[in-house]
>>> print(open('protein.cif').read())   # mmCIF, C-alpha atoms
data_structure
#
loop_
_atom_site.label_atom_id
_atom_site.label_comp_id
_atom_site.auth_asym_id
_atom_site.auth_seq_id
_atom_site.Cartn_x
_atom_site.Cartn_y
_atom_site.Cartn_z
CA MET A 1 14.30 -31.22 -0.32
CA GLU A 2 14.01 -29.42 3.02
CA LEU A 3 17.12 -29.48 5.17
CA ASP A 4 17.07 -31.07 8.61
CA LYS A 5 16.13 -28.29 11.04
CA THR A 6 19.30 -28.60 13.16
CA LEU A 7 21.51 -28.69 10.07
CA LEU A 8 19.60 -25.76 8.57
CA LYS A 9 20.02 -23.72 11.73
CA ASP A 10 23.76 -24.42 11.78
CA GLU A 11 24.10 -23.33 8.16
CA ILE A 12 22.16 -20.10 8.69
CA VAL A 13 24.23 -19.23 11.78
CA HIS A 14 27.41 -20.03 9.86
CA ARG A 15 26.43 -17.61 7.11
CA LEU A 16 25.46 -14.89 9.62
CA ASN A 17 28.77 -15.30 11.41
CA ASN A 18 30.71 -15.03 8.16
CA LEU A 19 29.15 -11.82 6.90
CA THR A 20 31.49 -8.82 6.90
CA LYS A 21 30.79 -7.69 10.46
CA PRO A 22 31.76 -8.73 13.97
CA VAL A 23 29.84 -11.82 15.09
CA GLY A 24 26.46 -10.90 16.55
CA SER A 25 26.94 -7.19 15.93
CA LEU A 26 23.56 -6.78 14.22
CA GLY A 27 21.82 -8.11 17.29
CA TYR A 28 18.15 -8.99 17.03
CA LEU A 29 18.20 -8.55 13.24
CA GLU A 30 20.31 -11.70 13.08
CA GLU A 31 17.78 -13.61 15.18
CA LEU A 32 14.99 -12.44 12.89
CA ALA A 33 16.90 -13.60 9.80
CA LEU A 34 17.52 -16.97 11.47
CA LYS A 35 13.85 -17.43 12.36
CA LEU A 36 12.71 -16.46 8.85
CA GLY A 37 15.20 -18.89 7.33
CA LEU A 38 13.92 -21.70 9.55
CA ILE A 39 10.31 -20.89 8.64
CA GLN A 40 11.06 -20.86 4.91
CA GLY A 41 13.42 -23.81 5.09
CA ARG A 42 16.19 -21.78 3.43
CA VAL A 43 19.68 -20.74 4.45
CA ILE A 44 19.06 -17.47 2.63
CA PRO A 45 15.40 -16.49 3.11
CA GLU A 46 13.47 -14.81 0.33
CA LEU A 47 11.76 -11.45 0.56
CA PRO A 48 7.97 -11.71 0.79
CA LYS A 49 6.20 -11.06 -2.49
CA ASP A 50 2.58 -10.98 -1.30
CA LYS A 51 2.23 -9.17 2.04
CA ARG A 52 -1.26 -9.01 3.51
CA ILE A 53 -2.79 -7.38 6.57
CA TYR A 54 -6.07 -8.81 7.87
CA VAL A 55 -8.00 -6.63 10.30
CA PHE A 56 -10.53 -8.73 12.20
CA ALA A 57 -13.45 -6.68 13.51
CA SER A 58 -16.27 -7.55 15.88
CA ASP A 59 -18.36 -6.07 18.64
CA HIS A 60 -18.24 -7.16 22.28
CA GLY A 61 -21.33 -7.37 24.47
CA VAL A 62 -19.38 -6.34 27.55
CA VAL A 63 -19.35 -2.69 26.35
CA GLN A 64 -22.76 -2.15 27.90
CA ASN A 65 -20.97 -2.17 31.27
CA GLY A 66 -19.22 1.14 30.54
CA VAL A 67 -15.76 -0.36 29.94
CA SER A 68 -14.84 1.82 26.94
CA ALA A 69 -14.57 5.54 26.26
CA TYR A 70 -16.21 5.04 22.86
CA PRO A 71 -19.68 3.78 21.85
CA LYS A 72 -19.89 0.48 19.99
CA GLU A 73 -21.03 2.26 16.82
CA VAL A 74 -17.40 3.25 16.27
CA THR A 75 -16.59 -0.34 15.28
CA TYR A 76 -18.98 -0.13 12.32
CA GLN A 77 -17.83 3.34 11.35
CA MET A 78 -14.16 2.37 11.42
CA ILE A 79 -14.78 -0.55 9.06
CA LEU A 80 -16.01 1.96 6.48
CA ASN A 81 -12.95 4.10 7.15
CA PHE A 82 -10.66 1.08 6.56
CA LEU A 83 -12.40 0.28 3.29
CA ASN A 84 -12.09 3.92 2.20
CA GLY A 85 -8.36 3.81 2.90
CA GLY A 86 -8.41 6.54 5.54
CA ALA A 87 -7.21 4.80 8.71
CA ALA A 88 -3.71 4.54 10.14
CA ILE A 89 -3.47 0.90 9.07
CA ASN A 90 -4.15 1.93 5.48
CA VAL A 91 -1.39 4.53 5.63
CA PHE A 92 1.11 2.06 7.07
CA GLY A 93 -0.03 -0.70 4.72
CA ARG A 94 0.76 1.55 1.77
CA HIS A 95 4.08 2.48 3.40
CA VAL A 96 5.26 -1.16 3.57
CA GLY A 97 3.57 -2.32 0.37
CA ALA A 98 1.00 -4.58 2.03
CA ASP A 99 -2.65 -4.96 1.08
CA VAL A 100 -5.20 -4.38 3.85
CA TYR A 101 -8.16 -6.76 4.11
CA VAL A 102 -11.05 -6.14 6.48
CA VAL A 103 -12.86 -9.09 8.06
CA ASP A 104 -16.34 -8.69 9.55
CA SER A 105 -16.00 -11.32 12.28
CA GLY A 106 -19.05 -10.16 14.20
CA VAL A 107 -19.86 -6.48 13.88
CA ASP A 108 -23.29 -5.42 15.17
CA GLY A 109 -24.54 -4.21 11.81
CA ASP A 110 -24.68 -5.23 8.17
CA PHE A 111 -22.44 -3.98 5.38
CA ASN A 112 -24.35 -3.91 2.12
CA ILE A 113 -21.22 -3.27 0.12
CA SER A 114 -19.10 -4.96 -2.50
CA HIS A 115 -15.41 -4.35 -1.97
CA PRO A 116 -12.47 -6.53 -3.08
CA LYS A 117 -10.79 -6.26 0.33
CA PHE A 118 -13.90 -6.87 2.46
CA ILE A 119 -14.55 -10.36 3.85
CA ASN A 120 -17.95 -11.14 5.32
CA ALA A 121 -17.21 -13.79 7.95
CA LYS A 122 -19.83 -12.72 10.48
CA ILE A 123 -20.41 -15.25 13.27
CA GLY A 124 -23.01 -13.09 15.00
CA TYR A 125 -24.00 -9.50 15.68
CA GLY A 126 -21.53 -9.04 18.50
CA THR A 127 -20.97 -11.37 21.43
CA SER A 128 -23.24 -11.58 24.44
CA ASP A 129 -22.40 -9.71 27.65
CA PHE A 130 -20.12 -12.21 29.39
CA THR A 131 -20.84 -10.73 32.81
CA LYS A 132 -24.23 -12.47 32.54
CA GLY A 133 -23.27 -15.73 30.83
CA PRO A 134 -21.08 -17.13 28.03
CA ALA A 135 -19.94 -14.71 25.36
CA MET A 136 -21.01 -17.16 22.65
CA THR A 137 -22.17 -20.73 22.15
CA LYS A 138 -19.70 -23.57 21.83
CA GLU A 139 -20.79 -23.94 18.21
CA GLN A 140 -19.95 -20.30 17.54
CA ALA A 141 -16.54 -20.71 19.20
CA VAL A 142 -15.71 -23.69 16.99
CA LEU A 143 -17.06 -21.87 13.91
CA SER A 144 -14.89 -18.83 14.71
CA LEU A 145 -11.77 -20.99 14.66
CA GLU A 146 -12.82 -22.80 11.49
CA THR A 147 -13.65 -19.53 9.72
CA GLY A 148 -10.28 -18.04 10.63
CA ARG A 149 -8.60 -21.12 9.19
CA LYS A 150 -10.54 -20.76 5.94
CA ILE A 151 -9.51 -17.11 5.57
CA ALA A 152 -5.83 -17.99 6.04
CA LYS A 153 -6.11 -20.97 3.68
CA LYS A 154 -7.57 -18.81 0.92
CA ALA A 155 -4.95 -16.10 1.41
CA ILE A 156 -2.08 -18.56 1.22
CA GLU A 157 -3.52 -20.39 -1.78
CA GLU A 158 -3.73 -17.01 -3.53
CA GLY A 159 0.00 -16.50 -2.88
CA ALA A 160 0.27 -14.66 0.46
CA ASP A 161 3.68 -15.35 1.98
CA LEU A 162 3.65 -12.88 4.89
CA LEU A 163 0.53 -12.35 6.99
CA VAL A 164 -0.25 -9.63 9.52
CA ILE A 165 -3.24 -9.64 11.86
CA GLY A 166 -4.89 -6.59 13.34
CA ASP A 167 -8.03 -6.15 15.42
CA MET A 168 -10.84 -3.61 15.66
CA GLY A 169 -13.77 -3.60 18.05
CA ILE A 170 -14.89 -1.38 20.89
CA GLY A 171 -14.44 -3.37 24.10
CA ASN A 172 -11.73 -5.60 22.64
CA THR A 173 -9.14 -4.96 25.37
CA THR A 174 -11.69 -5.95 28.03
CA THR A 175 -12.30 -9.20 26.17
CA ALA A 176 -8.56 -9.73 25.72
CA THR A 177 -8.07 -9.17 29.46
CA ALA A 178 -10.75 -11.72 30.29
CA ILE A 179 -9.11 -14.28 27.99
CA ALA A 180 -5.71 -13.74 29.61
CA VAL A 181 -7.08 -13.99 33.15
CA ALA A 182 -9.09 -17.09 32.19
CA PHE A 183 -5.79 -18.73 31.22
CA GLY A 184 -4.32 -17.94 34.64
CA PHE A 185 -2.72 -14.52 34.30
CA SER A 186 -3.17 -12.04 37.15
CA LEU A 187 -5.97 -9.53 36.59
CA ASP A 188 -4.11 -6.73 38.39
CA GLU A 189 -0.98 -7.32 36.29
CA ILE A 190 -2.93 -7.41 33.03
CA LEU A 191 -5.59 -4.72 33.54
CA ASP A 192 -5.00 -1.44 31.72
CA ILE A 193 -6.73 1.06 29.48
CA GLY A 194 -7.04 0.57 25.73
CA THR A 195 -8.72 3.78 24.67
CA PRO A 196 -8.41 6.68 27.16
CA LEU A 197 -10.41 5.70 30.22
CA ASP A 198 -10.80 7.39 33.60
CA GLU A 199 -10.44 5.66 36.95
CA GLY A 200 -14.15 4.94 37.09
CA GLY A 201 -14.03 3.27 33.70
CA LEU A 202 -11.00 1.19 34.66
CA LYS A 203 -12.79 0.09 37.83
CA ARG A 204 -15.82 -0.99 35.78
CA LYS A 205 -13.52 -2.88 33.46
CA LYS A 206 -11.97 -4.77 36.37
CA GLU A 207 -15.38 -5.55 37.84
CA ALA A 208 -16.67 -6.81 34.48
CA VAL A 209 -13.74 -9.19 34.02
CA SER A 210 -13.96 -10.43 37.61
CA LYS A 211 -17.69 -11.06 37.26
CA ALA A 212 -17.20 -12.83 33.91
CA LEU A 213 -14.75 -15.27 35.47
CA GLU A 214 -17.03 -15.83 38.46
CA VAL A 215 -20.18 -16.38 36.38
CA ASN A 216 -18.65 -18.52 33.62
CA ARG A 217 -15.75 -20.36 35.29
CA PRO A 218 -13.89 -21.09 32.04
CA ASP A 219 -11.59 -24.12 31.96
CA ARG A 220 -8.06 -22.77 31.53
CA ASP A 221 -6.96 -26.10 30.03
CA ASN A 222 -9.57 -25.90 27.28
CA PRO A 223 -8.98 -23.06 24.77
CA ILE A 224 -12.40 -23.54 23.14
CA ASP A 225 -14.11 -23.27 26.52
CA VAL A 226 -12.22 -20.03 27.27
CA LEU A 227 -13.21 -18.64 23.86
CA GLU A 228 -16.83 -19.64 24.39
CA LYS A 229 -17.11 -18.22 27.90
CA VAL A 230 -15.17 -14.93 27.71
CA GLY A 231 -13.85 -14.55 24.14
CA GLY A 232 -14.71 -12.59 21.05
CA PHE A 233 -15.50 -13.67 17.50
CA CYS A 234 -12.44 -11.79 16.24
CA MET A 235 -10.14 -13.52 18.74
CA GLY A 236 -11.44 -16.92 17.69
CA GLN A 237 -10.94 -16.14 14.02
CA MET A 238 -7.44 -14.78 14.63
CA ALA A 239 -6.55 -17.95 16.54
CA GLY A 240 -7.79 -20.14 13.70
CA PHE A 241 -6.02 -17.92 11.17
CA ILE A 242 -2.71 -18.33 13.02
CA LEU A 243 -3.11 -22.11 13.41
CA GLU A 244 -3.76 -22.56 9.69
CA ALA A 245 -0.86 -20.32 8.66
CA VAL A 246 1.49 -22.20 10.98
CA GLU A 247 0.45 -25.56 9.56
CA ARG A 248 1.20 -24.17 6.09
CA LYS A 249 4.53 -22.70 7.30
CA VAL A 250 3.69 -19.09 6.49
CA PRO A 251 4.94 -16.45 8.96
CA VAL A 252 2.43 -14.33 10.87
CA ILE A 253 3.04 -10.99 12.58
CA VAL A 254 0.76 -10.18 15.50
CA ASP A 255 0.01 -6.65 16.60
CA GLY A 256 -1.02 -5.53 20.08
CA PHE A 257 -2.94 -6.83 23.08
CA PRO A 258 -6.18 -8.11 21.45
CA THR A 259 -4.35 -9.87 18.60
CA THR A 260 -2.00 -11.42 21.14
CA ALA A 261 -5.05 -12.71 23.04
CA GLY A 262 -5.98 -14.46 19.80
CA LEU A 263 -2.42 -15.80 19.60
CA LEU A 264 -2.72 -16.96 23.21
CA ILE A 265 -5.69 -19.16 22.25
CA ALA A 266 -3.69 -20.58 19.33
CA TRP A 267 -0.63 -21.12 21.57
CA LYS A 268 -2.68 -22.97 24.17
CA THR A 269 -3.91 -25.17 21.30
CA ASN A 270 -0.46 -25.69 19.76
CA PRO A 271 2.60 -24.32 21.62
CA GLN A 272 4.71 -24.64 18.45
CA VAL A 273 2.94 -21.68 16.81
CA VAL A 274 5.47 -19.24 18.28
CA ASP A 275 8.12 -20.70 15.97
CA PHE A 276 6.22 -19.11 13.08
CA VAL A 277 4.93 -15.94 14.75
CA PHE A 278 6.60 -12.56 15.18
CA ALA A 279 5.55 -9.92 17.70
CA GLY A 280 5.42 -6.77 15.61
CA HIS A 281 5.64 -4.40 18.56
CA LYS A 282 5.13 -4.01 22.29
CA SER A 283 1.92 -2.16 23.00
CA LYS A 284 1.76 0.48 25.69
CA VAL A 285 -1.06 -1.63 27.21
CA LYS A 286 0.88 -3.19 30.09
CA GLY A 287 -0.62 -6.66 29.82
CA HIS A 288 0.78 -7.09 26.33
CA LYS A 289 4.38 -7.54 27.50
CA ILE A 290 3.26 -10.10 30.06
CA LEU A 291 1.63 -12.24 27.39
CA LEU A 292 4.58 -11.92 25.02
CA ASP A 293 7.04 -12.84 27.77
CA ALA A 294 5.00 -15.92 28.66
CA MET A 295 5.20 -17.11 25.07
CA GLY A 296 8.87 -16.22 24.70
CA LEU A 297 8.30 -13.62 21.99
CA ARG A 298 10.43 -10.50 21.74
CA PRO A 299 8.71 -7.50 20.12
CA ILE A 300 10.41 -5.99 17.10
CA LEU A 301 9.34 -2.39 17.82
CA ASP A 302 8.58 -0.47 21.02
CA LEU A 303 7.00 2.87 20.10
CA ASP A 304 4.45 3.38 22.92
CA MET A 305 1.64 2.59 20.47
CA ARG A 306 -1.80 1.32 21.52
CA LEU A 307 -3.99 2.04 18.51
CA GLY A 308 -4.48 -1.50 17.29
CA GLU A 309 -5.71 -2.17 13.74
CA GLY A 310 -2.42 -3.98 13.04
CA THR A 311 -0.46 -0.72 12.93
CA GLY A 312 2.57 -1.79 14.98
CA ALA A 313 2.77 -5.12 13.20
CA ALA A 314 2.59 -3.44 9.79
CA LEU A 315 5.48 -1.11 10.60
CA SER A 316 7.62 -4.05 11.69
CA ILE A 317 7.52 -5.48 8.16
CA SER A 318 10.26 -3.06 7.09
CA ILE A 319 12.54 -4.38 9.88
CA LEU A 320 11.89 -7.99 8.87
CA GLU A 321 12.69 -7.12 5.28
CA ALA A 322 15.89 -5.40 6.39
CA ALA A 323 16.90 -8.59 8.21
CA ILE A 324 16.32 -10.62 5.04
CA LYS A 325 18.27 -8.16 2.89
CA MET A 326 21.10 -8.24 5.40
CA ILE A 327 21.63 -12.01 5.12
CA ARG A 328 20.95 -11.99 1.36
CA GLU A 329 23.00 -9.02 0.23
CA MET A 330 25.91 -8.57 2.64
CA ALA A 331 29.20 -9.96 1.45
CA THR A 332 30.95 -12.73 3.33
CA PHE A 333 34.55 -12.28 4.41
CA GLU A 334 35.59 -14.74 1.71
CA SER A 335 33.62 -13.15 -1.16
CA ALA A 336 34.75 -9.64 -0.19
CA GLY A 337 38.38 -10.60 0.30
CA VAL A 338 38.29 -9.21 3.84
CA SER A 339 40.42 -10.74 6.55
CA LYS A 340 38.35 -12.28 9.31
CA GLY A 341 39.36 -11.46 12.86
CA SER A 342 38.59 -13.42 16.00
CA ASP A 343 34.97 -14.07 16.94
CA ASN A 344 35.39 -11.77 19.91
CA ILE A 345 35.66 -8.50 17.98
#
>>> encode(input="protein.cif", output="structure tokens")
Amino acid sequence: MELDKTLLKDEIVHRLNNLTKPVGSLGYLEELALKLGLIQGRVIPELPKDKRIYVFASDHGVVQNGVSAYPKEVTYQMILNFLNGGAAINVFGRHVGADVYVVDSGVDGDFNISHPKFINAKIGYGTSDFTKGPAMTKEQAVLSLETGRKIAKKAIEEGADLLVIGDMGIGNTTTATAIAVAFGFSLDEILDIGTPLDEGGLKRKKEAVSKALEVNRPDRDNPIDVLEKVGGFCMGQMAGFILEAVERKVPVIVDGFPTTAGLLIAWKTNPQVVDFVFAGHKSKVKGHKILLDAMGLRPILDLDMRLGEGTGAALSISILEAAIKMIREMATFESAGVSKGSDNI
């Protein structure tokens, strides 16, 4: 029987405060252990046994406005690299013992391949250019959310107990910026480069987002309308994925700016999702911190990364596991026969 949440929190804090260390001396690790215990409904949380990274990939029609340093073909090519195990996310997935799954949310191209870690969830061949009209239809927006939910449901039913989301798609930071601004964040505070981009490219990016908001006028109080007007298929699927995982009480680690735009859609749908979500890292993309702060999420790592793919989130798994091992394996003052000092030491 699951403990009452307040009682459970008190018991977890009591155990943390009685481990052989000064109270609070392990800082944020103690907060992570507390959050994991609350998610699992356990005073002493268990280590994850089935860790999975899902990289959601799609193309974005806005790229035709010169907002990226790379051509859209790179999205397709990187999917093949993921499946061949040659990308950074594959390296870090192996490092933390997590399987990497690749989701075709809406890449502009077909993959005539059979691979155990490839999921064909294509909503369309890239979104439309949202400087000229909605990025997708309302039906596609709803389908994106539903498809993301199905992917999470299947993963959890297969035994996944820790989920990481990553994102791949040329133009994704422009789409993420448009989503954030549509929800009321300041364009100037959010706007930044994703891939290396010169001043001219950054100016085009700002103009594209401004025009998208002017042309589409998304309703900031309606997450589906924001997704339809200025979103991406990958963001919709990530939002649905998070919502399903939260309902099933499975923790999710988000990565950088585009994945956090997906989280933003989920958060606007259900503000309680942040109780089950961890921010794996703080991206060097300046808008990322603004979104995390708004949702009250503290990043686990801060390594000046801005690659995406789920790389920062994957690396944070080792810190989460350290937090679990700390509360599981450290002796208490009583069990170790150590005299406990005042709580002020």
>>> residues_near_point(input="protein.cif", point="(-10.0, -16.8, 31.7)", cutoff="10 Å", atoms="only C-alpha atoms", output="PyMOL selection string")
chain A and resi 175-187+209-210+212-214+216-221+223+225-227+229-231
>>> closest_residue(input="protein.cif", among="A:Val285, A:Lys211, A:Val62, A:Pro45", to="Pro196 in chain A", atoms="only C-alpha atoms")
A:Val285
>>> closest_atom_pairs(input="protein.cif", of="range 230-343 of chain A", to="range 16-33 of chain A", cutoff="6 Å", atoms="all atoms listed in the file", output="Markdown table")
| residue | atom | partner | partner_atom | distance |
| --- | --- | --- | --- | --- |
| A:Ala323 | CA | A:Leu29 | CA | 5.2 |
| A:Ile324 | CA | A:Ala33 | CA | 5.6 |
| A:Ala331 | CA | A:Leu19 | CA | 5.8 |
| A:Thr332 | CA | A:Leu19 | CA | 4.1 |
| A:Phe333 | CA | A:Thr20 | CA | 5.2 |
| A:Asp343 | CA | A:Val23 | CA | 5.9 |
>>> residues_around(input="protein.cif", residues="Glu247 in chain A", least_positions_apart="5", cutoff="12 Å", atoms="only C-alpha atoms", output="ChimeraX atom specification")
/A:39,149,152-153,156,240-242,252,266,270,272-277
>>> residues_around(input="protein.cif", residues="Ser68 in chain A", least_positions_apart="4", cutoff="10 Å", atoms="all atoms listed in the file", output="NGL selection string")
:A and (62-64 or 72 or 170-174 or 193-198 or 201-202 or 204-205)
>>> resolve_selection(input="protein.cif", expression="the PyMOL selection byres ((chain A and resi 101-107) around 6)", output="PDB file with C-alpha atoms, in the coordinates of the input")
ATOM      1  CA  ILE A  53      -2.790  -7.380   6.570  1.00  0.00           C
ATOM      2  CA  TYR A  54      -6.070  -8.810   7.870  1.00  0.00           C
ATOM      3  CA  VAL A  55      -8.000  -6.630  10.300  1.00  0.00           C
ATOM      4  CA  PHE A  56     -10.530  -8.730  12.200  1.00  0.00           C
ATOM      5  CA  ALA A  57     -13.450  -6.680  13.510  1.00  0.00           C
ATOM      6  CA  SER A  58     -16.270  -7.550  15.880  1.00  0.00           C
ATOM      7  CA  ASP A  59     -18.360  -6.070  18.640  1.00  0.00           C
ATOM      8  CA  VAL A 100      -5.200  -4.380   3.850  1.00  0.00           C
ATOM      9  CA  ASP A 108     -23.290  -5.420  15.170  1.00  0.00           C
ATOM     10  CA  GLY A 109     -24.540  -4.210  11.810  1.00  0.00           C
ATOM     11  CA  LYS A 117     -10.790  -6.260   0.330  1.00  0.00           C
ATOM     12  CA  PHE A 118     -13.900  -6.870   2.460  1.00  0.00           C
ATOM     13  CA  ILE A 119     -14.550 -10.360   3.850  1.00  0.00           C
ATOM     14  CA  ASN A 120     -17.950 -11.140   5.320  1.00  0.00           C
ATOM     15  CA  ALA A 121     -17.210 -13.790   7.950  1.00  0.00           C
ATOM     16  CA  LYS A 122     -19.830 -12.720  10.480  1.00  0.00           C
ATOM     17  CA  ILE A 123     -20.410 -15.250  13.270  1.00  0.00           C
ATOM     18  CA  GLY A 124     -23.010 -13.090  15.000  1.00  0.00           C
ATOM     19  CA  TYR A 125     -24.000  -9.500  15.680  1.00  0.00           C
ATOM     20  CA  GLY A 126     -21.530  -9.040  18.500  1.00  0.00           C
ATOM     21  CA  PHE A 233     -15.500 -13.670  17.500  1.00  0.00           C
ATOM     22  CA  CYS A 234     -12.440 -11.790  16.240  1.00  0.00           C
TER      23      CYS A 234
END
>>> decode(input="protein.cif", residues="range 6-30 of chain A", atoms="C-alpha atoms", output="CSV table (one decimal), in the first residue's frame")
chain,number,residue,atom,x,y,z
A,6,THR,CA,3.2,13.9,3.3
A,7,LEU,CA,4.0,10.9,5.5
A,8,LEU,CA,6.3,9.5,2.9
A,9,LYS,CA,8.1,12.7,2.4
A,10,ASP,CA,8.6,13.0,6.2
A,11,GLU,CA,10.0,9.5,6.3
A,12,ILE,CA,12.4,10.0,3.4
A,13,VAL,CA,13.7,13.3,5.0
A,14,HIS,CA,14.1,11.5,8.3
A,15,ARG,CA,16.3,8.8,6.7
A,16,LEU,CA,18.3,11.4,4.8
A,17,ASN,CA,18.9,13.4,8.0
A,18,ASN,CA,20.0,10.3,9.9
A,19,LEU,CA,22.6,9.1,7.4
A,20,THR,CA,26.2,9.4,8.7
A,21,LYS,CA,26.8,12.9,7.5
A,22,PRO,CA,25.9,16.4,8.6
A,23,VAL,CA,22.3,17.3,7.7
A,24,GLY,CA,22.0,18.6,4.2
A,25,SER,CA,25.7,18.2,3.5
A,26,LEU,CA,25.1,16.3,0.2
A,27,GLY,CA,23.1,19.2,-1.1
A,28,TYR,CA,21.1,18.6,-4.3
A,29,LEU,CA,21.8,14.9,-4.3
A,30,GLU,CA,19.5,14.7,-1.2
